[in-house]
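Containing mmCIF, C-alpha atoms and all ligand atoms: target-v8.cif.
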```
data_my_file
#
loop_
_atom_site.group_PDB
_atom_site.id
_atom_site.type_symbol
_atom_site.label_atom_id
_atom_site.label_comp_id
_atom_site.auth_asym_id
_atom_site.auth_seq_id
_atom_site.Cartn_x
_atom_site.Cartn_y
_atom_site.Cartn_z
ATOM 1 C CA MET P 70 -4.512 -17.165 -6.591
ATOM 2 C CA ARG P 71 -7.224 -14.601 -5.991
ATOM 3 C CA ILE P 72 -6.074 -11.080 -5.154
ATOM 4 C CA GLY P 73 -8.508 -8.428 -3.951
ATOM 5 C CA ILE P 74 -7.622 -4.914 -5.018
ATOM 6 C CA LEU P 75 -9.330 -2.131 -3.132
ATOM 7 C CA ALA P 76 -11.103 -0.175 -5.866
ATOM 8 C CA VAL P 77 -13.181 2.464 -4.102
ATOM 9 C CA GLN P 78 -10.774 5.223 -5.205
ATOM 10 C CA GLY P 79 -7.260 5.695 -6.549
ATOM 11 C CA ALA P 80 -4.730 3.838 -8.670
ATOM 12 C CA PHE P 81 -6.141 0.304 -8.516
ATOM 13 C CA TRP P 82 -6.259 -0.432 -12.235
ATOM 14 C CA GLU P 83 -2.477 -0.321 -12.652
ATOM 15 C CA HIS P 84 -1.959 -2.914 -9.907
ATOM 16 C CA LYS P 85 -4.560 -5.112 -11.532
ATOM 17 C CA LYS P 86 -2.777 -4.946 -14.869
ATOM 18 C CA VAL P 87 0.577 -5.946 -13.372
ATOM 19 C CA LEU P 88 -0.858 -8.770 -11.250
ATOM 20 C CA GLU P 89 -2.922 -10.171 -14.114
ATOM 21 C CA SER P 90 0.164 -10.160 -16.337
ATOM 22 C CA LEU P 91 1.771 -12.375 -13.664
ATOM 23 C CA GLY P 92 -1.138 -14.819 -13.821
ATOM 24 C CA ALA P 93 -3.079 -13.770 -10.708
ATOM 25 C CA GLU P 94 -6.852 -13.560 -10.671
ATOM 26 C CA CYS P 95 -7.875 -10.092 -9.498
ATOM 27 C CA VAL P 96 -11.108 -8.933 -7.902
ATOM 28 C CA GLU P 97 -11.914 -5.249 -7.596
ATOM 29 C CA LEU P 98 -13.189 -4.633 -4.076
ATOM 30 C CA ARG P 99 -16.011 -2.115 -4.219
ATOM 31 C CA GLN P 100 -18.451 -3.512 -1.696
ATOM 32 C CA LYS P 101 -18.491 -5.816 1.280
ATOM 33 C CA LYS P 102 -19.646 -8.818 -0.701
ATOM 34 C CA ASP P 103 -16.561 -8.648 -2.943
ATOM 35 C CA MET P 104 -14.304 -9.660 -0.038
ATOM 36 C CA LYS P 105 -14.756 -13.392 -0.365
ATOM 37 C CA ASP P 106 -12.120 -16.117 -0.739
ATOM 38 C CA LEU P 107 -9.166 -13.770 -1.036
ATOM 39 C CA ASP P 108 -5.559 -15.015 -0.972
ATOM 40 C CA GLY P 109 -4.050 -11.530 -1.005
ATOM 41 C CA LEU P 110 -4.959 -7.856 -0.787
ATOM 42 C CA VAL P 111 -3.693 -4.692 -2.478
ATOM 43 C CA LEU P 112 -4.327 -1.246 -0.985
ATOM 44 C CA PRO P 113 -3.489 1.197 -3.793
ATOM 45 C CA GLY P 114 -2.439 4.830 -3.835
ATOM 46 C CA GLY P 115 -4.960 7.609 -4.018
ATOM 47 C CA GLU P 116 -6.278 9.789 -1.240
ATOM 48 C CA SER P 117 -6.223 8.121 2.161
ATOM 49 C CA THR P 118 -8.855 10.426 3.690
ATOM 50 C CA VAL P 119 -11.285 9.665 0.855
ATOM 51 C CA GLN P 120 -10.556 5.941 0.911
ATOM 52 C CA GLY P 121 -10.929 5.810 4.691
ATOM 53 C CA LYS P 122 -14.271 7.574 4.550
ATOM 54 C CA LEU P 123 -15.597 5.416 1.702
ATOM 55 C CA LEU P 124 -14.568 2.230 3.512
ATOM 56 C CA ARG P 125 -16.702 3.280 6.472
ATOM 57 C CA ASP P 126 -19.603 4.491 4.326
ATOM 58 C CA LEU P 127 -19.616 1.245 2.347
ATOM 59 C CA ASP P 128 -19.317 -0.810 5.540
ATOM 60 C CA MET P 129 -16.134 -2.484 4.272
ATOM 61 C CA PHE P 130 -13.777 -1.227 6.971
ATOM 62 C CA GLU P 131 -14.182 -3.778 9.765
ATOM 63 C CA GLU P 132 -14.160 -6.769 7.437
ATOM 64 C CA LEU P 133 -10.962 -5.592 5.727
ATOM 65 C CA LYS P 134 -9.287 -4.919 9.066
ATOM 66 C CA LYS P 135 -10.211 -8.402 10.222
ATOM 67 C CA LEU P 136 -8.704 -9.947 7.089
ATOM 68 C CA ILE P 137 -5.448 -7.989 7.444
ATOM 69 C CA LYS P 138 -5.153 -8.787 11.153
ATOM 70 C CA GLY P 139 -5.893 -12.401 10.335
ATOM 71 C CA GLY P 140 -2.727 -12.581 8.225
ATOM 72 C CA LEU P 141 -3.939 -11.963 4.667
ATOM 73 C CA PRO P 142 -0.834 -10.982 2.619
ATOM 74 C CA THR P 143 -1.242 -7.265 1.971
ATOM 75 C CA LEU P 144 0.638 -4.978 -0.398
ATOM 76 C CA SER P 145 0.054 -1.304 0.309
ATOM 77 C CA THR P 146 1.287 1.681 -1.642
ATOM 78 C CA CYS P 147 1.237 5.330 -0.702
ATOM 79 C CA ALA P 148 -2.320 6.096 0.515
ATOM 80 C CA GLY P 149 -2.606 2.357 1.251
ATOM 81 C CA LEU P 150 0.437 2.594 3.525
ATOM 82 C CA ILE P 151 -1.245 5.500 5.338
ATOM 83 C CA LEU P 152 -4.375 3.380 5.851
ATOM 84 C CA LEU P 153 -2.288 0.616 7.469
ATOM 85 C CA ALA P 154 -0.095 2.819 9.680
ATOM 86 C CA LYS P 155 -0.525 2.782 13.446
ATOM 87 C CA GLU P 156 0.224 6.495 13.590
ATOM 88 C CA ILE P 157 0.143 9.475 11.186
ATOM 89 C CA SER P 158 2.349 12.231 12.562
ATOM 90 C CA ASN P 159 0.562 15.106 10.813
ATOM 91 C CA ASP P 160 -2.999 13.790 10.874
ATOM 92 C CA GLN P 161 -5.221 12.741 13.749
ATOM 93 C CA ASN P 162 -6.825 9.911 11.852
ATOM 94 C CA VAL P 163 -5.817 6.302 12.273
ATOM 95 C CA TYR P 164 -7.371 3.789 9.923
ATOM 96 C CA PHE P 165 -6.516 0.077 10.152
ATOM 97 C CA GLY P 166 -3.520 0.670 12.420
ATOM 98 C CA THR P 167 -2.219 -2.844 11.752
ATOM 99 C CA LEU P 168 1.288 -1.800 10.644
ATOM 100 C CA PRO P 169 3.389 -0.616 13.614
ATOM 101 C CA VAL P 170 4.924 2.409 11.894
ATOM 102 C CA LYS P 171 4.595 6.175 12.066
ATOM 103 C CA VAL P 172 4.111 7.882 8.688
ATOM 104 C CA LYS P 173 4.023 11.490 7.600
ATOM 105 C CA ARG P 174 1.497 12.367 4.910
ATOM 106 C CA ASN P 175 2.487 14.537 1.929
ATOM 107 C CA ALA P 176 5.913 14.420 3.503
ATOM 108 C CA TYR P 177 7.805 15.854 0.552
ATOM 109 C CA GLY P 178 5.629 18.959 0.488
ATOM 110 C CA ARG P 179 2.879 19.822 -1.918
ATOM 111 C CA GLN P 180 5.176 21.627 -4.328
ATOM 112 C CA LEU P 181 7.370 18.625 -4.935
ATOM 113 C CA GLY P 182 4.391 16.627 -6.105
ATOM 114 C CA SER P 183 6.124 13.821 -7.917
ATOM 115 C CA PHE P 184 9.616 12.551 -8.396
ATOM 116 C CA SER P 185 11.416 9.409 -9.283
ATOM 117 C CA LYS P 186 14.460 7.822 -7.668
ATOM 118 C CA ARG P 187 16.349 4.601 -8.237
ATOM 119 C CA GLU P 188 17.301 2.970 -4.957
ATOM 120 C CA TYR P 189 18.009 -0.396 -3.427
ATOM 121 C CA VAL P 190 15.113 -2.486 -2.106
ATOM 122 C CA GLN P 191 15.982 -5.409 0.200
ATOM 123 C CA GLY P 192 15.568 -8.719 -1.562
ATOM 124 C CA ILE P 193 14.825 -7.027 -4.900
ATOM 125 C CA GLY P 194 17.793 -4.862 -5.926
ATOM 126 C CA ASP P 195 17.805 -1.405 -7.467
ATOM 127 C CA PHE P 196 14.285 -0.260 -8.281
ATOM 128 C CA GLU P 197 12.937 2.872 -9.962
ATOM 129 C CA MET P 198 10.617 4.389 -7.347
ATOM 130 C CA LYS P 199 7.903 6.810 -8.359
ATOM 131 C CA PHE P 200 6.662 9.119 -5.630
ATOM 132 C CA ILE P 201 3.394 11.064 -5.965
ATOM 133 C CA ARG P 202 2.509 13.368 -3.056
ATOM 134 C CA ALA P 203 4.010 10.593 -1.049
ATOM 135 C CA PRO P 204 4.314 9.894 2.641
ATOM 136 C CA TYR P 205 7.503 8.595 4.186
ATOM 137 C CA ILE P 206 7.978 6.510 7.280
ATOM 138 C CA GLU P 207 9.317 8.456 10.234
ATOM 139 C CA ASP P 208 9.565 5.489 12.551
ATOM 140 C CA ALA P 209 9.519 1.869 11.394
ATOM 141 C CA GLY P 210 9.005 0.464 14.905
ATOM 142 C CA GLU P 211 9.165 -3.325 14.791
ATOM 143 C CA ALA P 212 8.784 -3.405 11.013
ATOM 144 C CA GLU P 213 11.696 -4.450 8.815
ATOM 145 C CA VAL P 214 13.090 -1.589 6.732
ATOM 146 C CA LEU P 215 13.230 -2.593 3.046
ATOM 147 C CA ALA P 216 14.306 0.684 1.446
ATOM 148 C CA LYS P 217 15.400 4.230 2.166
ATOM 149 C CA VAL P 218 15.680 7.274 -0.076
ATOM 150 C CA ASP P 219 17.840 10.154 1.162
ATOM 151 C CA ASP P 220 17.800 8.645 4.645
ATOM 152 C CA LYS P 221 14.004 8.475 4.762
ATOM 153 C CA ILE P 222 12.355 5.070 5.097
ATOM 154 C CA VAL P 223 10.142 4.373 2.094
ATOM 155 C CA ALA P 224 9.466 0.631 2.294
ATOM 156 C CA VAL P 225 8.821 -1.757 5.181
ATOM 157 C CA ARG P 226 7.578 -5.233 5.852
ATOM 158 C CA TYR P 227 5.882 -6.462 8.978
ATOM 159 C CA GLU P 228 4.530 -10.004 9.088
ATOM 160 C CA ASN P 229 1.930 -10.213 6.272
ATOM 161 C CA GLN P 230 2.071 -6.512 5.373
ATOM 162 C CA ILE P 231 4.298 -4.674 2.909
ATOM 163 C CA GLY P 232 4.126 -0.884 3.062
ATOM 164 C CA LEU P 233 5.561 1.253 0.260
ATOM 165 C CA ALA P 234 5.617 5.041 0.040
ATOM 166 C CA PHE P 235 6.139 4.833 -3.726
ATOM 167 C CA HIS P 236 4.199 3.332 -6.638
ATOM 168 C CA PRO P 237 5.671 0.017 -7.842
ATOM 169 C CA GLU P 238 2.787 -0.441 -10.307
ATOM 170 C CA LEU P 239 4.012 2.462 -12.450
ATOM 171 C CA GLY P 240 7.145 2.023 -14.455
ATOM 172 C CA GLY P 241 6.991 -1.433 -15.938
ATOM 173 C CA ASP P 242 9.047 -3.300 -13.324
ATOM 174 C CA ASP P 243 7.023 -6.151 -11.811
ATOM 175 C CA ARG P 244 9.577 -7.492 -9.303
ATOM 176 C CA ILE P 245 7.792 -6.146 -6.227
ATOM 177 C CA HIS P 246 4.476 -7.618 -7.356
ATOM 178 C CA ARG P 247 6.251 -10.933 -7.986
ATOM 179 C CA ARG P 248 7.618 -10.872 -4.474
ATOM 180 C CA PHE P 249 4.161 -10.114 -3.126
ATOM 181 C CA LEU P 250 2.703 -13.063 -5.060
ATOM 182 C CA SER P 251 5.411 -15.300 -3.599
ATOM 183 C CA MET P 252 4.169 -14.267 -0.113
ATOM 184 C CA VAL P 253 0.665 -15.209 -1.200
ATOM 185 C CA SER P 254 1.440 -18.684 -2.524
HETATM 186 N N1 LIG P 301 -1.195 12.262 -0.500
HETATM 187 C C1 LIG P 301 -2.016 11.093 -0.475
HETATM 188 C C2 LIG P 301 -2.609 10.857 0.914
HETATM 189 O O1 LIG P 301 -2.229 11.488 1.836
HETATM 190 C C3 LIG P 301 -1.254 9.864 -0.910
HETATM 191 C C4 LIG P 301 -0.794 10.032 -2.346
HETATM 192 C C5 LIG P 301 -0.748 8.762 -3.126
HETATM 193 O O2 LIG P 301 -1.327 7.745 -2.774
HETATM 194 N N2 LIG P 301 -0.114 8.822 -4.281
HETATM 195 O O3 LIG P 301 -3.448 10.035 1.067
#
```
Since I need it in another form, could you write the structure as structure tokens?
Amino acid sequence: MRIGILAVQGAFWEHKKVLESLGAECVELRQKKDMKDLDGLVLPGGESTVQGKLLRDLDMFEELKKLIKGGLPTLSTCAGLILLAKEISNDQNVYFGTLPVKVKRNAYGRQLGSFSKREYVQGIGDFEMKFIRAPYIEDAGEAEVLAKVDDKIVAVRYENQIGLAFHPELGGDDRIHRRFLSMVS
């Protein structure tokens, strides 16, 4: 199993560590030529505006969009979720737009930078969720809601795409990555 992890900016290394510990082969995606023979894709947290710009500058954007639209299993976290969303309520940008949800960037305010909350995730159970300047999902559209925190949607699945507002790669619990790998195989 060969998983491509977008590595132009952000928290890619932590995903790589978790996935490698589960036996997956990981490729850091830094240029167009890295996107070969992938069985799965991870879009990590970071800064969506920076990632979006770098993807265009590096000419990786269209190829990645094609892979996601073509059904490549994709796990997105935080900034990655923003890149997938069809609509960003407080930003005019739309990036891949392959996930039919509306997100709000920095939705918990800039003051409340980070927090942690244990909540139920469909098909997983209670999970310690770490939020870092996180978005939440204002409207899940046709996507399946997997988790909510204080009535706000923080995890969805739509076809091949999982979108998480929190960081499952931090905190030493690999159940979400395991579930992702089961979508891949
Ligand atoms: N605030 C970031 C953004 O809007 C996301 C933060 C994160 O990925 N941890 O892109």
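If one restricts the calculation to all atoms listed in the file, the set of residues situated within 7 Å of ligand LIG 301 (chain P) consists of Pro113, Gly114, Gly115, Glu116, Ser117, Thr118, Thr146, Cys147, Ala148, Gly149, Ile151, Arg174, Asn175, Phe200, Ile201, Arg202, Ala203 and Pro204 of chain P.
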Taking 4 positions as the minimum chain separation for residues in the same chain, which residues sit within 9 Å of P:Lys171 when counting all atoms listed in the file? Answer as a compact mmCIF listing (two decimals) with C-alpha atoms, in the frame of the given file.
```
# COMPACT_ATOMS: atom_id res chain seq x y z
CA ILE P 151 -1.25 5.50 5.34
CA ALA P 154 -0.10 2.82 9.68
CA LYS P 155 -0.52 2.78 13.45
CA GLU P 156 0.22 6.50 13.59
CA ILE P 157 0.14 9.48 11.19
CA SER P 158 2.35 12.23 12.56
CA TYR P 205 7.50 8.60 4.19
CA ILE P 206 7.98 6.51 7.28
CA GLU P 207 9.32 8.46 10.23
CA ASP P 208 9.56 5.49 12.55
CA ALA P 209 9.52 1.87 11.39
CA GLY P 210 9.01 0.46 14.90
```
- Message: Evaluated on this file, the PyMOL selection byres (((chain P and resi 239-243) around 12) and not hetatm) picks out some residues - which ones are they, written as a ChimeraX atom specification?
- Response: /P:80-91,113-114,146,185-187,193-201,235-238,244-250
- Message: Counting all atoms listed in the file, which residues sit no farther than 9 Å from the position (-16.8, -1.7, 3.1) in the file's frame? I'd like them as a VMD selection string.
- Response: chain P and resid 98 to 102 104 123 to 133
- Query: Between P:Thr143, P:Gln120, P:Asn229, P:Ser254, which has the minimum distance to P:Gly73 (counting only C-alpha atoms)?
  - Reply: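 Among the listed residues, P:Thr143 lies closest to P:Gly73.
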How big is the axis-aligned box around all listed atoms of stretch 115-124 of chain P once 6 Å goes on each side, and where's its centre, in Å to one decimal, as JSON?
```
{"center_x": -10.3, "center_y": 6.3, "center_z": 0.3, "size_x": 22.6, "size_y": 20.2, "size_z": 20.7}
```
- Do you have the atom CA of P:Gln78-atom CA of P:Leu152 distance handy?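 Separating atom CA of P:Gln78 from atom CA of P:Leu152 is a distance of 12.9 Å.
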- Run the PyMOL selection byres (((chain P and resi 218-221) around 7) and not hetatm) mentally over the shown coordinates, then write out the matched residues as an MDAnalysis selection string, using the chain letters and numbers from the document. chainID P and resid 188 205:206 216:217 222:223
- For P:Leu150, which residue out of P:Leu75, P:Val163, P:Leu112, P:Ala212 is the nearest one, using only C-alpha atoms? P:Leu112
- Task: Apply the PyMOL selection byres (((chain P and resi 110) around 9) and not hetatm) to the displayed file and report the matching residues as a VMD selection string.
- Result: chain P and resid 71 to 75 107 to 109 111 to 112 136 to 137 141 to 145
- Separation of atom CA of P:Asp106 and atom CA of P:Leu153, in Å? 21.1 Å
- P:Asp160, P:Gly178, P:Arg226, P:Val96 ranked by distance to P:Ala76, top pick (using only C-alpha atoms):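 Using only C-alpha atoms, the shortest distance to P:Ala76 belongs to P:Val96.
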Completion of stretch 226-243 of chain P up to N, CA, C and O atoms, as a short mmCIF file (atom, residue, chain, number, x, y, z; two decimals), keeping the file's coordinate frame:
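What follows is the written file out-v6.cif:
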```cif
data_model
loop_
_atom_site.label_atom_id
_atom_site.label_comp_id
_atom_site.auth_asym_id
_atom_site.auth_seq_id
_atom_site.Cartn_x
_atom_site.Cartn_y
_atom_site.Cartn_z
N ARG P 226 8.39 -4.03 5.79
CA ARG P 226 7.58 -5.23 5.85
C ARG P 226 7.38 -5.59 7.32
O ARG P 226 8.31 -5.51 8.13
N TYR P 227 6.18 -5.98 7.64
CA TYR P 227 5.88 -6.46 8.98
C TYR P 227 4.90 -7.62 8.82
O TYR P 227 3.79 -7.44 8.32
N GLU P 228 5.36 -8.80 9.22
CA GLU P 228 4.53 -10.00 9.09
C GLU P 228 3.92 -10.09 7.69
O GLU P 228 4.65 -10.15 6.70
N ASN P 229 2.59 -10.04 7.57
CA ASN P 229 1.93 -10.21 6.27
C ASN P 229 1.81 -8.92 5.47
O ASN P 229 1.23 -8.93 4.39
N GLN P 230 2.33 -7.81 6.01
CA GLN P 230 2.07 -6.51 5.37
C GLN P 230 3.34 -5.89 4.79
O GLN P 230 4.35 -5.78 5.47
N ILE P 231 3.23 -5.47 3.53
CA ILE P 231 4.30 -4.67 2.91
C ILE P 231 3.76 -3.26 2.76
O ILE P 231 2.64 -3.06 2.27
N GLY P 232 4.54 -2.28 3.18
CA GLY P 232 4.13 -0.88 3.06
C GLY P 232 5.14 -0.11 2.24
O GLY P 232 6.33 -0.09 2.57
N LEU P 233 4.68 0.50 1.15
CA LEU P 233 5.56 1.25 0.26
C LEU P 233 5.07 2.69 0.13
O LEU P 233 3.87 2.91 -0.07
N ALA P 234 6.00 3.65 0.22
CA ALA P 234 5.62 5.04 0.04
C ALA P 234 5.49 5.38 -1.44
O ALA P 234 4.88 6.37 -1.81
N PHE P 235 6.11 4.55 -2.28
CA PHE P 235 6.14 4.83 -3.73
C PHE P 235 5.18 3.91 -4.47
O PHE P 235 4.49 3.08 -3.86
N HIS P 236 5.16 4.07 -5.80
CA HIS P 236 4.20 3.33 -6.64
C HIS P 236 4.91 2.28 -7.50
O HIS P 236 5.41 2.62 -8.58
N PRO P 237 4.95 1.04 -7.06
CA PRO P 237 5.67 0.02 -7.84
C PRO P 237 4.90 -0.42 -9.09
O PRO P 237 5.43 -1.11 -9.95
N GLU P 238 3.63 -0.02 -9.18
CA GLU P 238 2.79 -0.44 -10.31
C GLU P 238 3.01 0.44 -11.53
O GLU P 238 2.52 0.14 -12.62
N LEU P 239 3.73 1.56 -11.33
CA LEU P 239 4.01 2.46 -12.45
C LEU P 239 5.47 2.25 -12.84
O LEU P 239 6.34 2.23 -11.99
N GLY P 240 5.74 2.08 -14.09
CA GLY P 240 7.14 2.02 -14.46
C GLY P 240 7.60 0.71 -15.06
O GLY P 240 8.78 0.56 -15.40
N GLY P 241 6.68 -0.25 -15.15
CA GLY P 241 6.99 -1.43 -15.94
C GLY P 241 7.95 -2.43 -15.31
O GLY P 241 8.50 -3.28 -16.00
N ASP P 242 8.18 -2.34 -14.01
CA ASP P 242 9.05 -3.30 -13.32
C ASP P 242 8.16 -4.08 -12.36
O ASP P 242 7.62 -3.52 -11.41
N ASP P 243 8.00 -5.39 -12.61
CA ASP P 243 7.02 -6.15 -11.81
C ASP P 243 7.65 -6.93 -10.66
O ASP P 243 7.00 -7.78 -10.04
#
```
